[in-house]
Amino acid sequence: MDSLDIGLWVTGGLLVLVILGMRVAFAAGLAGLAGLVWIFWARRDYGLDDFGWALGVATQTAGQVPHAKVASQALSLIPTFILIGYMAYYAGLTKALFEAAKRWIAWVPGGLAVSTVFATAGFAAVSGASVATSAVFARIAIPEMLKIGYDKRFAAGVVAAGGTLASLIPPSAILVIYAIIVEQDVGMLLLAGFIPGAFSAVIYGLIIIGLALSIKNFGPPVGGFTWGERFSALLPALPIVAVVIIILFFVYNPIPGEMMIAGRLVEIPFGGDSWGTPTEGGAIGAFIVFLMAVFRGMRWPEFRDALIETAKLSVMIFTIIWGVLIYVRFLGFADLPGAFADWITSLQMEPILILVCILLAYAVLGMFMDAIGMLLLTLPVVFPAVMALNGGIGVSAEDSTFGMSGPMCAIWFGILVVKMAEFCLITPPIGLNCFVVAGVRDDLSVQDVFRGVTPFFIADAITIALLVAFPAIVLWLPSQV
């Protein structure tokens, strides 16, 4: 049995463990270690005296992975972004955002639900965790919608779906994880998430307005706010805008500048050199939100809770990364990614159709796995295949299959798979956001929330189709840097 066969058998065993209910982190770590032992033992022709040697080499190889891969400056973004979200909650910025959105948007059909979507999108700009976003707005927005007659299932669905926007809109923990796994620029990926995230929020809003127009008493508009009340509601929400602008200026230096291109001095819309790394920008953002929270009344108990919740979520994410990276190391020895890439490029199908099939496979996987685990397990195999389909990571736009260079294709595919991860956060049977919303509200069951998010499946399908058909939605902003 060669290394590729071992890779297939171990991958099949990993899927069985996940389906049986073992946590992805432990299933991946166990499968990776077992696979390494199997491969090293096979190289010694399965000699009984060589099993101990194979076990020792495999353990040493797997043991080097957690520190070697996780001791990365980019990964420090994850707890920083999560902490920003929790401190923003204790600073009262979530209530301020919701109130501002309500006063400006609630006059449209289904206005309070639309306001909730845009408030979650605004909060996503300072929160890296969709779970935290859903939990926060389940407490704030659902009671407001129930007061004016919204169906409780749809109200819960709005919050669960709105929470997924944190996966795309920077700062996004999932985008950071994607960038690290595929070894692409974190800053460019975070920048690329802005327009697709806002685009997703607009599609959600349009779906809600359409339902309100077609179904009687579905979502009555809320009016009666004067222009003075509307403008006064903006002031408490401005700190979020300020934090986003400060991080943008620090990381991307969005000041028109000049750059030498092909021997000519060309004006560019963004400055040439950034003032710092995304990690440093995230740290500055966290410090600014901390000052705002203290100014608005956050004290030690609230700050302690924010730190504890950040630590819990960060440890969960890092544990998954550690386990999956051991499995990824095994995949390298088994050469499964290369074999899968060769198989994909040999298919007699249109490349765009192959890409669509890959995205549909993510939709199916998302029914049985959490979003982060799904991406970590699949990207080491799928990403090289997609890059090969486009012509390779170093291909130019002129010679590529999809009409974009290798690095731009990596960004485009990253946004697509993260959008699919968003989709998986609300799909049964393990849509995490739906469980979070149901856990916060005693009057809701998980089944109620799953029924409520059904219209947003259509919205996500429309969004993904448009992102595939028009890559410029994703790539315009990164191309300006």
# chains A, B, ... in the order shown; residues from 1 in each chain; ligands from 1
$ residues_around --residues "A:Gly431" --least-positions-apart "5" --cutoff "9 Å" --atoms "only C-alpha atoms" --output "list in words"
Gly366, Met367, Phe368, Met369, Asp370, Ala371, Phe423, Cys424, Leu425, Ile426 and Phe450 of chain A
$ residues_around --residues "stretch 175-192 of chain A" --least-positions-apart "2" --cutoff "10 Å" --atoms "only C-alpha atoms" --output "PyMOL selection string"
chain A and resi 69-70+72+74-78+128+167-173+194-197+248+251-252+277-279+317-318+321+325+328+372+375-377+379-380+383-384+407-408+410-412+414-415+417-418+473-479+481
$ select_by_dssp --residues "stretch 119-216 of chain A" --states "alpha helix (DSSP H)" --output "PDB file with C-alpha atoms, in the first residue's frame"
ATOM      1  CA  ALA A 119     -26.682  46.848  12.849  1.00  0.00           C
ATOM      2  CA  THR A 120     -25.114  43.357  12.890  1.00  0.00           C
ATOM      3  CA  ALA A 121     -23.064  44.338   9.833  1.00  0.00           C
ATOM      4  CA  GLY A 122     -21.838  47.431  11.672  1.00  0.00           C
ATOM      5  CA  PHE A 123     -20.987  45.416  14.767  1.00  0.00           C
ATOM      6  CA  ALA A 124     -19.180  42.887  12.552  1.00  0.00           C
ATOM      7  CA  SER A 130     -20.191  35.551  14.320  1.00  0.00           C
ATOM      8  CA  VAL A 131     -21.237  33.621  17.427  1.00  0.00           C
ATOM      9  CA  ALA A 132     -20.681  36.684  19.614  1.00  0.00           C
ATOM     10  CA  THR A 133     -22.609  38.875  17.157  1.00  0.00           C
ATOM     11  CA  SER A 134     -25.598  36.521  17.169  1.00  0.00           C
ATOM     12  CA  ALA A 135     -25.612  36.232  20.958  1.00  0.00           C
ATOM     13  CA  VAL A 136     -25.475  39.998  21.463  1.00  0.00           C
ATOM     14  CA  PHE A 137     -28.280  40.875  19.042  1.00  0.00           C
ATOM     15  CA  ALA A 138     -30.479  38.021  20.226  1.00  0.00           C
ATOM     16  CA  ARG A 139     -30.731  39.986  23.481  1.00  0.00           C
ATOM     17  CA  ILE A 140     -31.197  43.396  21.856  1.00  0.00           C
ATOM     18  CA  ALA A 141     -33.098  43.021  18.576  1.00  0.00           C
ATOM     19  CA  ILE A 142     -35.462  40.081  19.067  1.00  0.00           C
ATOM     20  CA  PRO A 143     -37.475  41.706  21.908  1.00  0.00           C
ATOM     21  CA  GLU A 144     -37.874  44.863  19.792  1.00  0.00           C
ATOM     22  CA  MET A 145     -39.183  42.872  16.812  1.00  0.00           C
ATOM     23  CA  LEU A 146     -41.570  40.847  18.958  1.00  0.00           C
ATOM     24  CA  LYS A 147     -43.072  44.035  20.424  1.00  0.00           C
ATOM     25  CA  LYS A 152     -40.655  34.962  16.692  1.00  0.00           C
ATOM     26  CA  ARG A 153     -39.140  32.390  14.345  1.00  0.00           C
ATOM     27  CA  PHE A 154     -38.375  34.953  11.662  1.00  0.00           C
ATOM     28  CA  ALA A 155     -37.031  37.424  14.234  1.00  0.00           C
ATOM     29  CA  ALA A 156     -34.636  34.752  15.465  1.00  0.00           C
ATOM     30  CA  GLY A 157     -33.691  33.881  11.890  1.00  0.00           C
ATOM     31  CA  VAL A 158     -32.809  37.499  11.138  1.00  0.00           C
ATOM     32  CA  VAL A 159     -30.399  37.625  14.082  1.00  0.00           C
ATOM     33  CA  ALA A 160     -28.816  34.239  13.288  1.00  0.00           C
ATOM     34  CA  ALA A 161     -28.319  35.167   9.627  1.00  0.00           C
ATOM     35  CA  GLY A 162     -27.118  38.682  10.443  1.00  0.00           C
ATOM     36  CA  GLY A 163     -24.525  37.240  12.786  1.00  0.00           C
ATOM     37  CA  ALA A 173     -11.241  35.319  12.470  1.00  0.00           C
ATOM     38  CA  ILE A 174     -12.167  32.862   9.697  1.00  0.00           C
ATOM     39  CA  LEU A 175     -10.456  34.996   7.036  1.00  0.00           C
ATOM     40  CA  VAL A 176      -7.318  35.092   9.184  1.00  0.00           C
ATOM     41  CA  ILE A 177      -7.401  31.292   9.520  1.00  0.00           C
ATOM     42  CA  TYR A 178      -7.857  30.913   5.754  1.00  0.00           C
ATOM     43  CA  ALA A 179      -4.905  33.212   5.066  1.00  0.00           C
ATOM     44  CA  ILE A 180      -2.639  31.255   7.408  1.00  0.00           C
ATOM     45  CA  ILE A 181      -3.627  27.829   6.079  1.00  0.00           C
ATOM     46  CA  VAL A 182      -3.084  28.782   2.410  1.00  0.00           C
ATOM     47  CA  VAL A 186      -3.815  38.449   5.739  1.00  0.00           C
ATOM     48  CA  GLY A 187      -4.221  42.173   5.114  1.00  0.00           C
ATOM     49  CA  MET A 188      -5.322  41.725   1.496  1.00  0.00           C
ATOM     50  CA  LEU A 189      -7.900  39.105   2.455  1.00  0.00           C
ATOM     51  CA  LEU A 190      -9.333  41.243   5.221  1.00  0.00           C
ATOM     52  CA  LEU A 191      -9.585  44.164   2.805  1.00  0.00           C
ATOM     53  CA  ALA A 192     -11.300  41.957   0.232  1.00  0.00           C
ATOM     54  CA  PHE A 194     -15.453  44.590   3.032  1.00  0.00           C
ATOM     55  CA  ILE A 195     -17.463  44.867  -0.183  1.00  0.00           C
ATOM     56  CA  PRO A 196     -18.770  41.243  -0.253  1.00  0.00           C
ATOM     57  CA  GLY A 197     -19.799  41.602   3.415  1.00  0.00           C
ATOM     58  CA  ALA A 198     -21.697  44.814   2.736  1.00  0.00           C
ATOM     59  CA  PHE A 199     -23.125  43.245  -0.426  1.00  0.00           C
ATOM     60  CA  SER A 200     -24.423  40.281   1.605  1.00  0.00           C
ATOM     61  CA  ALA A 201     -26.094  42.665   4.060  1.00  0.00           C
ATOM     62  CA  VAL A 202     -27.834  44.486   1.180  1.00  0.00           C
ATOM     63  CA  ILE A 203     -29.116  41.181  -0.260  1.00  0.00           C
ATOM     64  CA  TYR A 204     -30.447  40.183   3.170  1.00  0.00           C
ATOM     65  CA  GLY A 205     -32.196  43.551   3.448  1.00  0.00           C
ATOM     66  CA  LEU A 206     -33.764  43.231   0.006  1.00  0.00           C
ATOM     67  CA  ILE A 207     -35.071  39.741   0.799  1.00  0.00           C
ATOM     68  CA  ILE A 208     -36.696  41.068   3.985  1.00  0.00           C
ATOM     69  CA  ILE A 209     -38.281  44.019   2.150  1.00  0.00           C
ATOM     70  CA  GLY A 210     -39.584  41.654  -0.529  1.00  0.00           C
ATOM     71  CA  LEU A 211     -41.196  39.413   2.093  1.00  0.00           C
ATOM     72  CA  ALA A 212     -42.727  42.402   3.870  1.00  0.00           C
ATOM     73  CA  LEU A 213     -44.230  43.682   0.614  1.00  0.00           C
ATOM     74  CA  SER A 214     -45.661  40.302  -0.386  1.00  0.00           C
TER      75      SER A 214
END
$ residues_around --residues "A:Phe287" --least-positions-apart "6" --cutoff "10 Å" --atoms "only C-alpha atoms" --output "list in words"
Thr80, Leu83, Ile84, Met87, Val243, Gly281 and Ala293 of chain A
$ residues_around --residues "A:Glu99" --least-positions-apart "2" --cutoff "12 Å" --atoms "only C-alpha atoms" --output "count of residues only"
33
$ closest_residue --among "A:Val381, A:Gly12, A:Pro66, A:Ala388" --to "A:Gly332" --atoms "only C-alpha atoms"
A:Val381
$ atom_distance --atom1 "atom CA of A:Cys434" --atom2 "atom CA of A:Ala421"
14.0 Å
